[in-house]
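Visitor: Dumping the structure here so I can ask a few things about it.
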Amino acid sequence: MKIDIIIAYVQRYEFGHERDFVPPITGIHLAAITPPEHEVRVIHQQIDKIDFNSDAEVIAISFFSGFAMAAYRLAVEFKDRGKTVVAGGPHVTYCQEEALTYFDAIVTGEAENVWPTLLQDIQLGRLQTIYSGTPCDMTGLPTPRYDLLPDRFFIKKVIQATRGCPFSCSFCTVPSLNPGFRLRPVEDVLRDASYDHFRHWWQRKIVWFWDDNLTIRRPYIKQLLTQMIPLKKWWLTQASMDIAKDAELLDLMKASGCIGVFLGIESFGADSLADANKRQNKITHYKEAVNAIRKRGIAVMAGFIAGFDHDDEQSILQMADQLMEIGIDVPFLSIMTPFRGTPIYTKLELEGRMLPERNWNFYNGYNVAFKPKKLSETQLLQAHRALWKKSFSPLYSFKRILRGIFTLRLGAFLLSFFMNSFYSYKRVRKNYPIDMSKRIDVNQMVRPREVQTPLSA
Ligand code: B12
Ligand code: SF4
């Protein structure tokens, strides 16, 4: 069969696509685990045009909650053209009933153990509606189909070594979405990291781990990194702040070419961290932890969330200076989003604080989908905008870049330079995150396909 795998997307900034900097791994991984008798294409709606006249028999759509509206529109269009349309990913896992009003079948959880069966069932005309994926044994997973990525992606080597995370932050679905903590054999990871059939040297050089929390199992990560040293790559990952206490690990990260680590710092408020159940973060250690990583020349990227119950306008705006003070190289600034499947969603739902009239477009990380405690919805949105504007002002961005010149290794400096320039350029051009409440064009509700008249995508 011909299969189009589509990664759905809704624009998150006022104009232009978000980036073709680094792709998701989901589509090219799904393509790699597709039995070889099928012909697969991978399309990223973020940068690719959707071909509604595709000759594929099966359309397989993947999406996060924030992109569900786009995915549903695509489903309606493709169903109208007689295609079999299936879906998977975090959103359908938690919103199965809703998803089934658009798709012929859904895969919940991880796909490895059920995807070939689903495809076979289509061929045999016995497609079921729900395929419940189980946590997969990560042994023997194939190399992602990097060959299916368009050259436009600046970085192409996205890779996964582990799945899961032992922590249980209240806003995160990982503990229920990818239960347990599982590892791929080191040799499989090294094989993928060594994949070098890319046109540009930087595409061969840079390896981006899309793991939930790569460094959890210390003996494993140390073995992996020791064996990565001879590959002479530049690599990046997400990790918990506790790595800063492990000098041996940090030295190995440096020796194996680490250029960037993303830490979920989330907040500077002790009460907010407690609400987030972020027990691995200690505010008094932030600066020391960031220093320990930067001392190895590694850039620190970090996520911050606005909209905890203890947040007010001042605490949110203050983060712009606080994150500079602890030495963050690249900040990622989000608004608290109560995704289904998280403790924070359960709490807000119980307290009657969800805003059901706000559709999935409000779940893109930059909008408000619940009633904040100390602020109104608009005040929280405005406070986040103010934080975003201040943090990516040319002055603050330039300061971060400048600091990197003297402290970071080349790859890490280039990362800081590129990302700070990218966001600062958005800031200067007033290309702010979209306020979804003002954008009816992307907000039209998509009705279930039984009552749907075709919409143009
Ligand atoms: C890597 C990652 C990123 C990367 C890459 C993003 C991307 N587009 O892939 C970056 C850092 C850019 C990122 C950003 C964001 N992310 Co993110 N991210 C992840 C992370 C850690 C791993 C995802 C991954 O690649 N896993 C490996 C691949 C192989 O697995 P997979 O994608 O889960 O797919 C498997 C199954 O889900 C299934 N499957 C998936 N799709 C389909 C489709 C079909 C047809 C089938 C059959 C099966 C199937 O099969 C696959 C194999 O088992 C997850 C956490 C997690 N464990 O899922 C969060 C996660 C997906 N991210 C999340 C969020 C919220 C975001 C942001 C909105 C955050 C923000 N505030 O900005 C942004 C969105 C940016 C964007 N433009 O996409 C949430 C999504 C929650 C939800 N319900 O939607 C997650 C689950 C984390 C969380 N907080 O709970 N993210
Ligand atoms: S440490 Fe990160 S991946 Fe783990 S539960 Fe917390 S937010 Fe999720």
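Quick note on naming: the chains in the structure tokens go A, B, ... in the order shown, residues restart at 1 in each chain, and ligands are numbered from 1 in order of appearance.
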When you look at A:Leu190 with a cut-off of 8 Å (counting only C-alpha atoms), what residues show up, excluding the ones that are within fewer than 3 positions of it in the same chain? I need them as a PyMOL selection string.

Guide: chain A and resi 186-187+193-194+224+227-228

Visitor: Using N, CA and C atoms, can you write the selected residues to a file as a short mmCIF file (atom, residue, chain, number, x, y, z; two decimals), in the first residue's frame?

Guide:
data_model
loop_
_atom_site.label_atom_id
_atom_site.label_comp_id
_atom_site.auth_asym_id
_atom_site.auth_seq_id
_atom_site.Cartn_x
_atom_site.Cartn_y
_atom_site.Cartn_z
N VAL A 186 23.16 0.10 23.27
CA VAL A 186 24.12 1.15 22.91
C VAL A 186 24.53 1.04 21.43
N GLU A 187 24.75 -0.20 20.97
CA GLU A 187 25.21 -0.34 19.57
C GLU A 187 24.18 0.16 18.56
N ALA A 193 23.57 7.24 15.35
CA ALA A 193 24.36 8.48 15.49
C ALA A 193 25.42 8.56 14.39
N SER A 194 25.83 7.40 13.86
CA SER A 194 26.88 7.40 12.83
C SER A 194 26.30 7.54 11.42
N LEU A 224 27.26 4.78 26.86
CA LEU A 224 26.92 5.34 25.54
C LEU A 224 27.86 6.49 25.18
N GLN A 227 31.40 5.59 24.30
CA GLN A 227 31.52 5.04 22.94
C GLN A 227 31.21 6.07 21.86
N MET A 228 30.61 7.18 22.26
CA MET A 228 30.36 8.24 21.26
C MET A 228 31.60 9.11 21.03
#

Visitor: Which polymer residues have any atom within 9 Å of an atom of A:Lys374, counting only C-alpha atoms, with same-chain residues fewer than 3 positions away left out, as a ChimeraX atom specification?

Guide: /A:307,309-313,380

Visitor: Would you mind listing what lies within 10 Å of stretch 363-373 of chain A as a ChimeraX atom specification, with only C-alpha atoms counted and same-chain residues fewer than 6 positions away left out?

Guide: /A:9-13,64-68,305-312,333-339,345,348-349,351-357,379-382,384-385,432-437

Visitor: What's the 9 Å shell around A:Met1, counting only C-alpha atoms, without same-chain residues fewer than 5 positions away, as a ChimeraX atom specification?

Guide: /A:37-40,56-58,119,123

Visitor: Given the selection you just returned, output its residues as a file containing N, CA, C and O atoms, formatted as a PDB file, in the first residue's frame.

Guide:
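Saved as again.pdb:
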ATOM      1  N   GLU A  37       7.048  -3.881   2.542  1.00  0.00           N
ATOM      2  CA  GLU A  37       6.234  -4.026   1.319  1.00  0.00           C
ATOM      3  C   GLU A  37       5.414  -2.761   1.031  1.00  0.00           C
ATOM      4  O   GLU A  37       4.853  -2.603  -0.051  1.00  0.00           O
ATOM      5  N   HIS A  38       5.347  -1.843   2.004  1.00  0.00           N
ATOM      6  CA  HIS A  38       4.577  -0.612   1.796  1.00  0.00           C
ATOM      7  C   HIS A  38       5.484   0.519   1.325  1.00  0.00           C
ATOM      8  O   HIS A  38       6.669   0.550   1.639  1.00  0.00           O
ATOM      9  N   GLU A  39       4.873   1.454   0.616  1.00  0.00           N
ATOM     10  CA  GLU A  39       5.623   2.624   0.138  1.00  0.00           C
ATOM     11  C   GLU A  39       5.214   3.826   1.005  1.00  0.00           C
ATOM     12  O   GLU A  39       4.010   4.118   1.108  1.00  0.00           O
ATOM     13  N   VAL A  40       6.195   4.489   1.616  1.00  0.00           N
ATOM     14  CA  VAL A  40       5.862   5.527   2.596  1.00  0.00           C
ATOM     15  C   VAL A  40       6.409   6.892   2.202  1.00  0.00           C
ATOM     16  O   VAL A  40       7.530   7.008   1.702  1.00  0.00           O
ATOM     17  N   ALA A  56      -1.906   7.991  -2.258  1.00  0.00           N
ATOM     18  CA  ALA A  56      -1.786   7.046  -1.146  1.00  0.00           C
ATOM     19  C   ALA A  56      -3.160   6.493  -0.776  1.00  0.00           C
ATOM     20  O   ALA A  56      -4.160   7.204  -0.838  1.00  0.00           O
ATOM     21  N   GLU A  57      -3.175   5.214  -0.393  1.00  0.00           N
ATOM     22  CA  GLU A  57      -4.452   4.628   0.064  1.00  0.00           C
ATOM     23  C   GLU A  57      -4.677   4.939   1.546  1.00  0.00           C
ATOM     24  O   GLU A  57      -5.806   5.072   2.002  1.00  0.00           O
ATOM     25  N   VAL A  58      -3.570   5.040   2.289  1.00  0.00           N
ATOM     26  CA  VAL A  58      -3.687   5.251   3.736  1.00  0.00           C
ATOM     27  C   VAL A  58      -3.032   6.574   4.119  1.00  0.00           C
ATOM     28  O   VAL A  58      -1.916   6.880   3.692  1.00  0.00           O
ATOM     29  N   LEU A 119      -1.884  -2.215   9.646  1.00  0.00           N
ATOM     30  CA  LEU A 119      -1.745  -2.142   8.186  1.00  0.00           C
ATOM     31  C   LEU A 119      -2.241  -3.437   7.527  1.00  0.00           C
ATOM     32  O   LEU A 119      -2.930  -3.409   6.499  1.00  0.00           O
ATOM     33  N   GLN A 123      -5.399  -4.175   4.797  1.00  0.00           N
ATOM     34  CA  GLN A 123      -5.294  -4.980   3.576  1.00  0.00           C
ATOM     35  C   GLN A 123      -6.316  -6.112   3.549  1.00  0.00           C
ATOM     36  O   GLN A 123      -6.844  -6.466   2.502  1.00  0.00           O
TER      37      GLN A 123
END

Visitor: One number please: atom CA of A:Val207 to atom CA of A:Lys156, in Å, one decimal.

Guide: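 Computed distance, atom CA of A:Val207 to atom CA of A:Lys156, equals 8.0 Å.
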